[in-house]
Amino acid sequence: MSLIKSISGIRGTIGGKVNDNLTPLDVVKFASAFGTWLQNNKNKKNLTLVIGRDARISGSMVNSLVCATLQGLGINVIDLGLSTTPTVEIMVPELKADGGIILTASHNPKQWNALKLLNEKGEFINGENGAEVLALAENEDFNYAEVDDLGKYETRDDAFDIHIQQILDLPMVDVESIKAKKYKIVLDAVNSTGGIAIPMLLDKLGCETIKLYCEPNGQFPHNPEPLKEHLEDICELVIKEKADFGVVVDPDVDRLALVDEKGEMFGEEYTLVAVADYLLKNKNGVAISNLSSSRALRDVAQTHNSEYFASAVGEVNVVNLMKEKNAVIGGEGNGGIIYPELHYGRDSLVGVALFLTHLAKENKTVSELRAGYPSYFMGKKKIELTPEINVDDLLTKMEKEYQNEEVSTVDGVKMDFENNWVHLRKSNTEPIIRIYTEAKSQEEADRLGDDMIAKIRSLI
């Protein structure tokens with residue numbers, strides 16, 4: 001079963017049976033539910049939604065279904081066509097729209113697609129709203145417009161220009177300092193829309209772009225999740241081209257990974273660390289990431305007399321805590337940069353611009369910059385449980401077991417020790433506990449995970 005309905009949207013594999021996969025009927029039903037929910041919650045007629053998609057093969061088909069369905073409800077549609085997640089997020093308030101839908105399955109393989117739902121601020125709808133949309137979809141409680149009241153349809157081709165100009169206008173993006181460096185950058189955009197947007201940005205910043213997999217045809221040349229084991233090609237090309245560094249984005253361009261001039265991974269966790277280092281150096285404040293992100297962000301914040309807080313896992317949770325604490329910078333350790341001066345969403349384009357400014361002002365190579373940050377190594381393990389075992393009870397036992405340590409129960413159980421940490425979270429989809437660890441060496445991180453598995457087994 002490859003259809004996943006969640007409070008943040010719906011995703012699934014293309015083809016197959018209704019309610020089991022993301023079929024045309026499922027797309028129509030869910031688009032109808034979101035449009036109906038907006039109509040029920042807005043005291044106005046003539047609603048407008050902004051739609052944009054990544055370059056995956058099914059994108060055009062899904063886009064046609066979504067746009068036509070919304071028109072059928074009497075909702076006006078502004079179709080951005082090939083776009084990025086952050087670009088759609090920016091264009092919703094820019095166009096004074098009532099919401100948006102991003103058609104992307106993010107880092108999932110090419111057979112997947114998804115509808116991600118935005119409110120009028122261009123931010124993901126919250127859990128309560130998502131549950132209401134799911135209920136409407138389940139009941140198929142829709143009322144379509146009569147022929148004279150069908151929604152209007154228009155396209156826009158200036159969204160990237162608007163997004164990029166807003167980035168260039170940010171006070172913390174120093175265009176002239178970047179231009180003076182004449183950086184040579186290799187870009188792996190996994191044959192999606194980053195291959196359009198990132199070169200446009202780099203051109204405005206006076207950089208030379210060497211394109212690798214930048215044809216937006218949706219034929220992903222490797223697993224689209226920007227992890228080290230998938231990125232041998234760009235690591236080799238950076239060395240071959242004698243480039244200053246490499247940039248890697250996922251299909252919808254909300255995750256940013258970097259490769260140094262030696263062809264080594266900068267570390268996905270350290271994209272946010274580097275950007276936060278630059279911003280907090282210039283303005284003391286608050287940095288936010290989630291509980292499963294690297295301790296390095298906390299360490300860097302402390303060096304700048306700034307505070308650090310951790311949210312539950314999930315972009316909506318990070319954004320909510322950023323707003324509560326009025327954070328200067330936030331994001332997730334998967335390369336997701338959230339810069340509230342621009343908007344509250346993960347954005348690889350603003351991440352690139354801020355990183356380039358930092359690099360230019362520090363006057364270092366990328367590897368030298370990375371060497372200046374504390375080094376941590378992460379481990380990820382899981383323990384499978386029989387369905388009759390109560391996972392919540394187990395996590396409560398673990399909390400008591402380590403009550404003398406610094407423990408957080410915001411999202412599962414996280415134990416912060418002096419030199420490392422462990423985060424235990426139950427899966428929402430299967431009877432397992434996910435075990436995230438971080439330590440000063442990979443061996444220690446892995447050992448810590450094994451120790452936790454042994455401890456959990458002893459408590460069962």
# chains A, B, ... in the order shown; residues from 1 in each chain; ligands from 1

call {"tool": "residues_around", "arguments": {"residues": "Ile433 in chain A", "least_positions_apart": "4", "cutoff": "8 Å", "atoms": "only C-alpha atoms", "output": "list in words"}}
result
Lys382, Ile383, Glu384, Leu385, Val391, Leu424, Arg425, Lys426 and Ser427 of chain A

call {"tool": "residues_around", "arguments": {"residues": "Ala287 in chain A", "least_positions_apart": "4", "cutoff": "8 Å", "atoms": "only C-alpha atoms", "output": "ChimeraX atom specification"}}
result
/A:276,297-298,301,306-309,322,327-330

call {"tool": "write_last_selection", "arguments": {"atoms": "N, CA and C atoms", "output": "CSV table (one decimal), in the first residue's frame"}}
result
chain,number,residue,atom,x,y,z
A,276,ALA,N,24.0,29.6,10.3
A,276,ALA,CA,23.8,30.2,11.6
A,276,ALA,C,25.0,30.9,12.1
A,297,LEU,N,25.0,23.0,16.1
A,297,LEU,CA,24.3,24.3,16.1
A,297,LEU,C,24.2,24.9,17.4
A,298,ARG,N,23.9,24.1,18.5
A,298,ARG,CA,23.9,24.7,19.8
A,298,ARG,C,25.3,25.2,20.2
A,301,ALA,N,25.9,28.5,18.4
A,301,ALA,CA,25.1,29.6,19.0
A,301,ALA,C,25.7,30.1,20.2
A,306,SER,N,24.5,33.4,21.9
A,306,SER,CA,23.1,33.3,21.5
A,306,SER,C,22.5,32.0,22.1
A,307,GLU,N,21.2,32.0,22.0
A,307,GLU,CA,20.4,30.8,22.6
A,307,GLU,C,20.1,29.8,21.5
A,308,TYR,N,19.9,28.6,22.0
A,308,TYR,CA,19.5,27.5,21.1
A,308,TYR,C,18.4,26.7,21.7
A,309,PHE,N,17.4,26.4,20.9
A,309,PHE,CA,16.2,25.6,21.4
A,309,PHE,C,15.9,24.5,20.3
A,322,MET,N,10.2,28.7,16.1
A,322,MET,CA,10.9,29.9,15.6
A,322,MET,C,10.1,31.1,15.9
A,327,ALA,N,13.2,33.6,16.4
A,327,ALA,CA,14.5,33.1,16.1
A,327,ALA,C,15.1,33.9,14.9
A,328,VAL,N,16.4,34.0,14.9
A,328,VAL,CA,17.2,34.7,13.8
A,328,VAL,C,17.3,33.6,12.7
A,329,ILE,N,17.5,32.4,13.0
A,329,ILE,CA,17.7,31.3,12.0
A,329,ILE,C,17.2,30.0,12.6
A,330,GLY,N,16.7,29.2,11.7
A,330,GLY,CA,16.3,27.8,12.1
A,330,GLY,C,16.3,26.9,10.9

call {"tool": "atom_distance", "arguments": {"atom1": "CA of Asn320 in chain A", "atom2": "CA of His304 in chain A"}}
result
23.3 Å

call {"tool": "residues_around", "arguments": {"residues": "Ser6 in chain A", "least_positions_apart": "5", "cutoff": "9 Å", "atoms": "only C-alpha atoms", "output": "number ranges by chain"}}
result
A: 11, 127, 130-131, 134

call {"tool": "residues_around", "arguments": {"residues": "range 60-72 of chain A", "least_positions_apart": "3", "cutoff": "8 Å", "atoms": "only C-alpha atoms", "output": "ChimeraX atom specification"}}
result
/A:24,27-28,31-32,35,51-53,57,75-77,79,103,144-145,150-153

call {"tool": "write_last_selection", "arguments": {"atoms": "all heavy atoms", "output": "compact mmCIF listing (two decimals), in the first residue's frame"}}
result
# COMPACT_ATOMS: atom_id res chain seq x y z
N PRO A 24 -5.37 9.07 -10.35
CA PRO A 24 -6.08 10.31 -10.68
C PRO A 24 -7.28 10.57 -9.78
O PRO A 24 -7.52 11.72 -9.38
CB PRO A 24 -6.50 10.08 -12.14
CG PRO A 24 -5.41 9.21 -12.70
CD PRO A 24 -5.07 8.28 -11.57
N VAL A 27 -6.05 11.98 -6.51
CA VAL A 27 -5.61 13.37 -6.67
C VAL A 27 -6.81 14.31 -6.66
O VAL A 27 -6.82 15.33 -5.97
CB VAL A 27 -4.80 13.52 -7.99
CG1 VAL A 27 -4.53 15.00 -8.27
CG2 VAL A 27 -3.49 12.75 -7.92
N VAL A 28 -7.83 13.94 -7.43
CA VAL A 28 -9.04 14.78 -7.51
C VAL A 28 -9.73 14.88 -6.15
O VAL A 28 -10.15 15.96 -5.71
CB VAL A 28 -10.01 14.22 -8.58
CG1 VAL A 28 -11.37 14.91 -8.50
CG2 VAL A 28 -9.40 14.40 -9.97
N ALA A 31 -7.54 17.13 -3.77
CA ALA A 31 -7.60 18.54 -4.19
C ALA A 31 -8.97 19.12 -3.88
O ALA A 31 -9.09 20.27 -3.44
CB ALA A 31 -7.29 18.66 -5.68
N SER A 32 -10.01 18.31 -4.08
CA SER A 32 -11.38 18.74 -3.76
C SER A 32 -11.52 19.01 -2.27
O SER A 32 -12.16 19.99 -1.85
CB SER A 32 -12.39 17.67 -4.18
OG SER A 32 -12.38 17.46 -5.57
N GLY A 35 -9.63 22.30 -1.37
CA GLY A 35 -10.38 23.45 -1.87
C GLY A 35 -11.65 23.69 -1.08
O GLY A 35 -11.99 24.84 -0.73
N ILE A 51 -0.34 27.19 -7.59
CA ILE A 51 0.10 25.81 -7.78
C ILE A 51 1.49 25.81 -8.44
O ILE A 51 1.75 26.59 -9.36
CB ILE A 51 -0.87 25.03 -8.71
CG1 ILE A 51 -2.32 25.24 -8.28
CG2 ILE A 51 -0.50 23.54 -8.74
CD1 ILE A 51 -2.66 24.73 -6.91
N GLY A 52 2.38 24.94 -7.96
CA GLY A 52 3.69 24.78 -8.58
C GLY A 52 4.14 23.34 -8.41
O GLY A 52 3.65 22.64 -7.52
N ARG A 53 5.07 22.90 -9.26
CA ARG A 53 5.46 21.48 -9.22
C ARG A 53 6.96 21.33 -9.47
O ARG A 53 7.61 22.19 -10.07
CB ARG A 53 4.69 20.69 -10.27
CG ARG A 53 4.98 21.09 -11.72
CD ARG A 53 4.10 20.30 -12.68
NE ARG A 53 4.31 20.67 -14.08
CZ ARG A 53 5.20 20.09 -14.90
NH1 ARG A 53 5.98 19.13 -14.45
NH2 ARG A 53 5.31 20.48 -16.15
N ILE A 57 8.22 13.04 -13.48
CA ILE A 57 7.55 12.65 -14.71
C ILE A 57 6.03 12.81 -14.62
O ILE A 57 5.38 13.22 -15.58
CB ILE A 57 7.90 11.18 -15.06
CG1 ILE A 57 9.42 11.03 -15.24
CG2 ILE A 57 7.18 10.71 -16.31
CD1 ILE A 57 9.91 9.60 -15.16
N ILE A 75 -12.74 27.83 -7.75
CA ILE A 75 -11.53 28.49 -7.22
C ILE A 75 -10.62 28.89 -8.37
O ILE A 75 -10.38 28.10 -9.30
CB ILE A 75 -10.79 27.54 -6.25
CG1 ILE A 75 -11.66 27.27 -5.01
CG2 ILE A 75 -9.44 28.12 -5.85
CD1 ILE A 75 -11.10 26.21 -4.09
N ASN A 76 -10.10 30.11 -8.32
CA ASN A 76 -9.17 30.58 -9.34
C ASN A 76 -7.79 29.98 -9.09
O ASN A 76 -7.37 29.82 -7.95
CB ASN A 76 -9.06 32.11 -9.32
CG ASN A 76 -10.40 32.78 -9.57
OD1 ASN A 76 -11.18 32.32 -10.40
ND2 ASN A 76 -10.68 33.86 -8.85
N VAL A 77 -7.11 29.68 -10.18
CA VAL A 77 -5.80 29.03 -10.09
C VAL A 77 -4.73 29.89 -10.77
O VAL A 77 -4.93 30.37 -11.89
CB VAL A 77 -5.84 27.63 -10.78
CG1 VAL A 77 -4.45 27.03 -10.87
CG2 VAL A 77 -6.79 26.70 -10.04
N ASP A 79 -1.06 29.14 -11.94
CA ASP A 79 -0.18 27.99 -12.15
C ASP A 79 1.24 28.49 -12.46
O ASP A 79 1.47 29.13 -13.49
CB ASP A 79 -0.73 27.16 -13.32
CG ASP A 79 0.04 25.87 -13.55
OD1 ASP A 79 1.02 25.62 -12.82
OD2 ASP A 79 -0.34 25.11 -14.46
N LEU A 103 3.24 20.39 -5.77
CA LEU A 103 3.17 19.02 -6.27
C LEU A 103 4.59 18.47 -6.32
O LEU A 103 5.35 18.73 -7.26
CB LEU A 103 2.51 19.00 -7.66
CG LEU A 103 1.15 19.71 -7.71
CD1 LEU A 103 0.61 19.74 -9.13
CD2 LEU A 103 0.16 19.08 -6.75
N TYR A 144 -19.50 21.11 -6.10
CA TYR A 144 -18.81 21.75 -7.21
C TYR A 144 -19.62 22.91 -7.80
O TYR A 144 -20.84 22.98 -7.66
CB TYR A 144 -18.48 20.72 -8.29
CG TYR A 144 -17.50 19.67 -7.80
CD1 TYR A 144 -17.94 18.41 -7.42
CD2 TYR A 144 -16.14 19.96 -7.69
CE1 TYR A 144 -17.05 17.45 -6.95
CE2 TYR A 144 -15.24 19.01 -7.22
CZ TYR A 144 -15.71 17.76 -6.85
OH TYR A 144 -14.83 16.82 -6.38
N ALA A 145 -18.91 23.83 -8.45
CA ALA A 145 -19.53 25.06 -8.98
C ALA A 145 -20.34 24.78 -10.24
O ALA A 145 -20.03 23.86 -11.02
CB ALA A 145 -18.43 26.08 -9.28
N LEU A 150 -17.35 28.67 -12.60
CA LEU A 150 -16.08 27.93 -12.61
C LEU A 150 -14.91 28.89 -12.37
O LEU A 150 -14.95 30.06 -12.75
CB LEU A 150 -15.90 27.22 -13.95
CG LEU A 150 -16.92 26.12 -14.27
CD1 LEU A 150 -16.70 25.59 -15.67
CD2 LEU A 150 -16.84 24.99 -13.25
N GLY A 151 -13.86 28.36 -11.75
CA GLY A 151 -12.69 29.19 -11.45
C GLY A 151 -11.90 29.54 -12.70
O GLY A 151 -11.93 28.82 -13.70
N LYS A 152 -11.19 30.66 -12.62
CA LYS A 152 -10.34 31.09 -13.74
C LYS A 152 -8.96 30.45 -13.62
O LYS A 152 -8.52 30.06 -12.54
CB LYS A 152 -10.22 32.61 -13.76
CG LYS A 152 -11.55 33.33 -13.97
CD LYS A 152 -11.33 34.84 -14.00
CE LYS A 152 -12.63 35.58 -14.28
NZ LYS A 152 -13.62 35.40 -13.20
N TYR A 153 -8.26 30.39 -14.73
CA TYR A 153 -6.92 29.78 -14.78
C TYR A 153 -5.95 30.74 -15.44
O TYR A 153 -6.23 31.29 -16.50
CB TYR A 153 -6.98 28.47 -15.57
CG TYR A 153 -5.63 27.81 -15.80
CD1 TYR A 153 -5.07 26.97 -14.84
CD2 TYR A 153 -4.92 28.04 -16.97
CE1 TYR A 153 -3.84 26.37 -15.03
CE2 TYR A 153 -3.67 27.45 -17.19
CZ TYR A 153 -3.14 26.61 -16.22
OH TYR A 153 -1.92 26.02 -16.42
